[in-house]
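Note: the block below is work.cif and it holds mmCIF, C-alpha atoms and all ligand atoms.
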```cif
data_entry
#
loop_
_atom_site.group_PDB
_atom_site.id
_atom_site.type_symbol
_atom_site.label_atom_id
_atom_site.label_comp_id
_atom_site.auth_asym_id
_atom_site.auth_seq_id
_atom_site.Cartn_x
_atom_site.Cartn_y
_atom_site.Cartn_z
ATOM 1 C CA MET A 1 19.901 6.484 -46.243
ATOM 2 C CA THR A 2 18.810 10.139 -46.397
ATOM 3 C CA LYS A 3 19.395 12.454 -43.451
ATOM 4 C CA SER A 4 15.653 12.990 -42.752
ATOM 5 C CA LEU A 5 14.958 9.247 -42.710
ATOM 6 C CA ARG A 6 17.851 8.718 -40.357
ATOM 7 C CA CYS A 7 16.487 11.414 -38.038
ATOM 8 C CA ARG A 8 13.112 9.674 -38.086
ATOM 9 C CA ASP A 9 14.829 6.416 -37.042
ATOM 10 C CA ILE A 10 16.584 8.227 -34.225
ATOM 11 C CA GLU A 11 13.312 9.735 -33.016
ATOM 12 C CA ARG A 12 11.730 6.286 -33.016
ATOM 13 C CA LEU A 13 14.668 4.887 -31.032
ATOM 14 C CA VAL A 14 14.498 7.777 -28.537
ATOM 15 C CA LEU A 15 10.802 7.010 -27.975
ATOM 16 C CA GLU A 16 11.481 3.265 -27.713
ATOM 17 C CA SER A 17 14.171 3.910 -25.121
ATOM 18 C CA GLU A 18 11.424 5.241 -22.816
ATOM 19 C CA ASP A 19 9.831 1.791 -22.672
ATOM 20 C CA ARG A 20 12.854 -0.507 -22.887
ATOM 21 C CA ALA A 21 16.615 -0.310 -22.533
ATOM 22 C CA LEU A 22 18.091 -0.100 -26.024
ATOM 23 C CA PRO A 23 20.782 -2.604 -27.022
ATOM 24 C CA ALA A 24 24.277 -1.112 -26.812
ATOM 25 C CA GLY A 25 24.563 -0.841 -30.628
ATOM 26 C CA GLU A 26 21.345 1.170 -31.012
ATOM 27 C CA ARG A 27 22.141 3.319 -27.968
ATOM 28 C CA GLY A 28 25.554 4.115 -29.468
ATOM 29 C CA ARG A 29 23.995 5.080 -32.832
ATOM 30 C CA VAL A 30 21.519 7.403 -31.053
ATOM 31 C CA GLU A 31 24.258 9.050 -28.962
ATOM 32 C CA GLU A 32 26.487 9.452 -31.980
ATOM 33 C CA HIS A 33 23.692 10.995 -34.078
ATOM 34 C CA VAL A 34 22.461 13.305 -31.297
ATOM 35 C CA ARG A 35 25.996 14.666 -30.896
ATOM 36 C CA VAL A 36 26.022 15.954 -34.487
ATOM 37 C CA CYS A 37 22.281 16.652 -35.150
ATOM 38 C CA ALA A 38 20.839 19.671 -33.313
ATOM 39 C CA ARG A 39 17.280 18.754 -34.293
ATOM 40 C CA CYS A 40 17.429 15.260 -32.750
ATOM 41 C CA ARG A 41 19.368 16.570 -29.740
ATOM 42 C CA GLU A 42 16.502 19.026 -29.139
ATOM 43 C CA PHE A 43 13.942 16.228 -29.603
ATOM 44 C CA ALA A 44 15.715 13.977 -27.067
ATOM 45 C CA ALA A 45 16.021 16.874 -24.608
ATOM 46 C CA ASP A 46 12.304 17.676 -24.976
ATOM 47 C CA ARG A 47 11.386 14.047 -24.341
ATOM 48 C CA ALA A 48 13.611 13.939 -21.271
ATOM 49 C CA LEU A 49 11.971 17.128 -19.990
ATOM 50 C CA VAL A 50 8.448 15.716 -20.564
ATOM 51 C CA ARG A 51 9.393 12.461 -18.790
ATOM 52 C CA ALA A 52 10.836 14.363 -15.835
ATOM 53 C CA GLU A 53 7.746 16.580 -15.561
ATOM 54 C CA LEU A 54 5.400 13.578 -15.723
ATOM 55 C CA ALA A 55 7.413 11.735 -13.079
ATOM 56 C CA GLY A 56 6.946 14.691 -10.728
ATOM 57 C CA VAL A 57 3.162 14.881 -11.183
ATOM 58 C CA ARG A 58 1.090 13.666 -8.238
ATOM 59 C CA TRP A 59 -1.884 12.064 -9.960
ATOM 60 C CA PRO A 60 -5.140 12.915 -8.153
ATOM 61 C CA ALA A 61 -7.146 10.097 -6.543
ATOM 62 C CA PRO A 62 -10.282 9.243 -8.531
ATOM 63 C CA PRO A 63 -13.584 10.512 -7.077
ATOM 64 C CA LYS A 64 -15.021 8.139 -4.445
ATOM 65 C CA GLU A 65 -18.324 7.847 -6.321
ATOM 66 C CA LEU A 66 -16.504 6.728 -9.493
ATOM 67 C CA VAL A 67 -14.622 4.014 -7.579
ATOM 68 C CA LEU A 68 -17.813 2.698 -5.953
ATOM 69 C CA ARG A 69 -19.795 2.757 -9.215
ATOM 70 C CA THR A 70 -16.993 0.936 -11.047
ATOM 71 C CA ARG A 71 -16.825 -1.751 -8.342
ATOM 72 C CA ARG A 72 -20.606 -2.168 -8.444
ATOM 73 C CA LEU A 73 -20.538 -2.511 -12.246
ATOM 74 C CA LEU A 74 -17.725 -5.066 -12.078
ATOM 75 C CA ARG A 75 -19.618 -7.049 -9.456
ATOM 76 C CA GLY A 76 -22.719 -6.898 -11.695
ATOM 77 C CA ALA A 77 -20.687 -8.170 -14.640
ATOM 78 C CA GLY A 78 -19.493 -11.047 -12.452
ATOM 79 C CA ALA A 79 -23.082 -11.851 -11.428
ATOM 80 C CA ALA A 80 -24.119 -12.031 -15.097
ATOM 81 C CA ALA A 81 -21.911 -15.110 -15.506
ATOM 82 C CA PRO A 82 -22.556 -17.281 -12.419
ATOM 83 C CA PRO A 83 -19.538 -19.229 -11.219
ATOM 84 C CA VAL A 84 -19.424 -22.887 -12.244
ATOM 85 C CA VAL A 85 -18.639 -25.646 -9.729
ATOM 86 C CA PRO A 86 -15.372 -27.262 -10.871
ATOM 87 C CA VAL A 87 -15.658 -30.910 -11.979
ATOM 88 C CA TRP A 88 -13.128 -32.073 -9.374
ATOM 89 C CA VAL A 89 -15.368 -30.730 -6.579
ATOM 90 C CA LEU A 90 -18.329 -32.724 -7.939
ATOM 91 C CA VAL A 91 -16.155 -35.863 -8.252
ATOM 92 C CA ALA A 92 -14.839 -35.442 -4.678
ATOM 93 C CA MET A 93 -18.367 -34.937 -3.292
ATOM 94 C CA ALA A 94 -19.638 -38.006 -5.175
ATOM 95 C CA ALA A 95 -16.697 -40.103 -3.910
ATOM 96 C CA VAL A 96 -17.298 -39.049 -0.280
ATOM 97 C CA THR A 97 -21.032 -39.799 -0.621
ATOM 98 C CA ILE A 98 -20.382 -43.275 -2.063
ATOM 99 C CA ILE A 99 -17.749 -44.125 0.592
ATOM 100 C CA THR A 100 -20.038 -42.900 3.397
ATOM 101 C CA SER A 101 -22.972 -44.907 2.028
ATOM 102 C CA ILE A 102 -20.943 -48.142 1.866
ATOM 103 C CA TRP A 103 -19.549 -47.492 5.352
ATOM 104 C CA LEU A 104 -23.044 -46.896 6.763
ATOM 105 C CA ALA A 105 -24.418 -50.025 5.021
ATOM 106 C CA VAL A 106 -21.715 -52.104 6.726
ATOM 107 C CA ALA A 107 -22.066 -50.391 10.152
ATOM 108 C CA LEU A 108 -25.871 -50.096 10.424
ATOM 109 C CA PRO A 109 -27.090 -53.727 10.697
ATOM 110 C CA ASP A 110 -26.403 -53.627 14.479
ATOM 111 C CA ILE A 111 -28.596 -50.538 14.890
ATOM 112 C CA THR A 112 -32.341 -51.198 15.162
ATOM 113 C CA PRO A 113 -35.238 -48.739 15.592
ATOM 114 C CA GLU A 114 -35.393 -49.613 19.323
ATOM 115 C CA ILE A 115 -31.889 -48.197 19.968
ATOM 116 C CA SER A 116 -31.933 -44.650 21.437
ATOM 117 C CA LEU A 117 -29.115 -42.064 21.508
ATOM 118 C CA ALA A 118 -28.353 -43.093 25.109
ATOM 119 C CA ASP A 119 -27.543 -46.635 23.905
ATOM 120 C CA LEU A 120 -24.926 -45.406 21.436
ATOM 121 C CA PRO A 121 -21.234 -45.537 22.387
ATOM 122 C CA PHE A 122 -19.386 -42.228 22.897
ATOM 123 C CA GLY A 123 -17.795 -42.472 19.434
ATOM 124 C CA GLY A 124 -21.208 -42.835 17.809
ATOM 125 C CA LEU A 125 -22.552 -39.781 19.656
ATOM 126 C CA ALA A 126 -19.477 -37.777 18.614
ATOM 127 C CA ALA A 127 -20.031 -38.776 14.964
ATOM 128 C CA ILE A 128 -23.693 -37.660 15.103
ATOM 129 C CA PHE A 129 -22.657 -34.373 16.753
ATOM 130 C CA ILE A 130 -20.114 -33.708 13.959
ATOM 131 C CA ILE A 131 -22.704 -34.501 11.260
ATOM 132 C CA VAL A 132 -25.233 -32.091 12.819
ATOM 133 C CA GLN A 133 -22.549 -29.417 13.246
ATOM 134 C CA ASN A 134 -21.433 -29.735 9.591
ATOM 135 C CA ALA A 135 -25.023 -29.527 8.358
ATOM 136 C CA LEU A 136 -25.648 -26.359 10.411
ATOM 137 C CA MET A 137 -22.421 -24.759 9.143
ATOM 138 C CA LEU A 138 -23.345 -25.631 5.547
ATOM 139 C CA PHE A 139 -26.803 -24.078 5.831
ATOM 140 C CA CYS A 140 -25.538 -20.987 7.694
ATOM 141 C CA ALA A 141 -22.538 -20.325 5.394
ATOM 142 C CA PRO A 142 -24.486 -18.329 2.731
ATOM 143 C CA VAL A 143 -26.019 -16.074 5.414
ATOM 144 C CA VAL A 144 -22.623 -15.490 7.056
ATOM 145 C CA LEU A 145 -20.942 -14.731 3.696
ATOM 146 C CA ARG A 146 -23.735 -12.374 2.589
ATOM 147 C CA THR A 147 -23.568 -10.493 5.909
ATOM 148 C CA ALA A 148 -19.777 -10.204 5.752
ATOM 149 C CA ARG A 149 -19.885 -8.904 2.158
ATOM 150 C CA ALA A 150 -22.608 -6.359 3.008
ATOM 151 C CA ARG A 151 -20.574 -5.124 5.994
ATOM 152 C CA ARG A 152 -17.441 -4.809 3.814
ATOM 153 C CA ASP A 153 -19.341 -2.862 1.131
ATOM 154 C CA LYS A 154 -20.796 -0.562 3.781
ATOM 155 C CA LEU A 155 -17.324 0.097 5.193
ATOM 156 C CA GLU A 156 -15.946 0.817 1.698
ATOM 157 C CA SER A 157 -18.759 3.233 0.856
ATOM 158 C CA ALA A 158 -18.248 5.015 4.194
ATOM 159 C CA ARG A 159 -14.552 5.573 3.375
HETATM 160 ZN ZN ZN B 1 18.760 13.957 -36.509
#
```
What's the structure tokens form of this structure?
Amino acid sequence: MTKSLRCRDIERLVLESEDRALPAGERGRVEEHVRVCARCREFAADRALVRAELAGVRWPAPPKELVLRTRRLLRGAGAAAPPVVPVWVLVAMAAVTIITSIWLAVALPDITPEISLADLPFGGLAAIFIIVQNALMLFCAPVVLRTARARRDKLESAR
């Protein structure tokens, strides 16, 4: 192995040591070579100096407009590919619908068109109240989510 090639190997190992801890064998070879080779010793010292200087730099925060524009672009990229409802959600919804239908078919024969809400037992009224409440929540959810997102975006752009 020629001297110049060996120096090139040492330089490569010095650079690699910035990203990962070298195995003891390689670290020993580098230390041994640097002790006798002024050129590589200078290279390693320069790299150490550069690393130290970079570590001390306080990177400036990106401009606010750049951050907002990047977020908007990312959100636009997400809108281009609309989210897909997972299969398990569809299966769960179908199962609940089928179970509810069977349950209602068994429970409804006692209920005739002449029965009013006042005739229903307390449990029946509670069940109707929960159904109405769930339906309202379901229909209002998109409005609530859209409003919350708009408020969050407004707060972020104000920052
Ligand atoms: Zn060398």
Would you place a box with edges along x, y and z of the file around all atoms of range 35-40 of chain A listed there, add 6 Å to each of its six sides, and report the centre and edge lengths in Å to one decimal, as JSON?
```
{"center_x": 21.7, "center_y": 17.2, "center_z": -33.0, "size_x": 20.7, "size_y": 17.0, "size_z": 16.3}
```
List as JSON, numbers by chain the protein and nucleic acid residues lying within 7 Å of ligand ZN 1 (chain B), with all atoms listed in the file counted. {"A": [6, 7, 10, 33, 34, 37, 38, 39, 40]}
When you draw a straight line from CA of Ala48 in chain A to CA of Ala61 in chain A, how long is it in Å? 25.7 Å
Just the number, please: distance in Å from CA of Arg51 in chain A to CA of Arg27 in chain A, one decimal.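 Rounded to one decimal, the two atoms are 18.2 Å apart.
Among the candidates A:Glu26, A:Asp153, A:Glu114, A:Glu11, the residue lying nearest to Ala44 in chain A is A:Glu11 (atoms considered: only C-alpha atoms).
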Result set of the PyMOL selection byres (((chain A and resi 18) around 12) and not hetatm) on the coordinates above, as a ChimeraX atom specification: /A:11-17,19-22,44,47-48,50-52
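We find CA of Val67 in chain A and CA of Ser157 in chain A to be spaced 9.4 Å apart.
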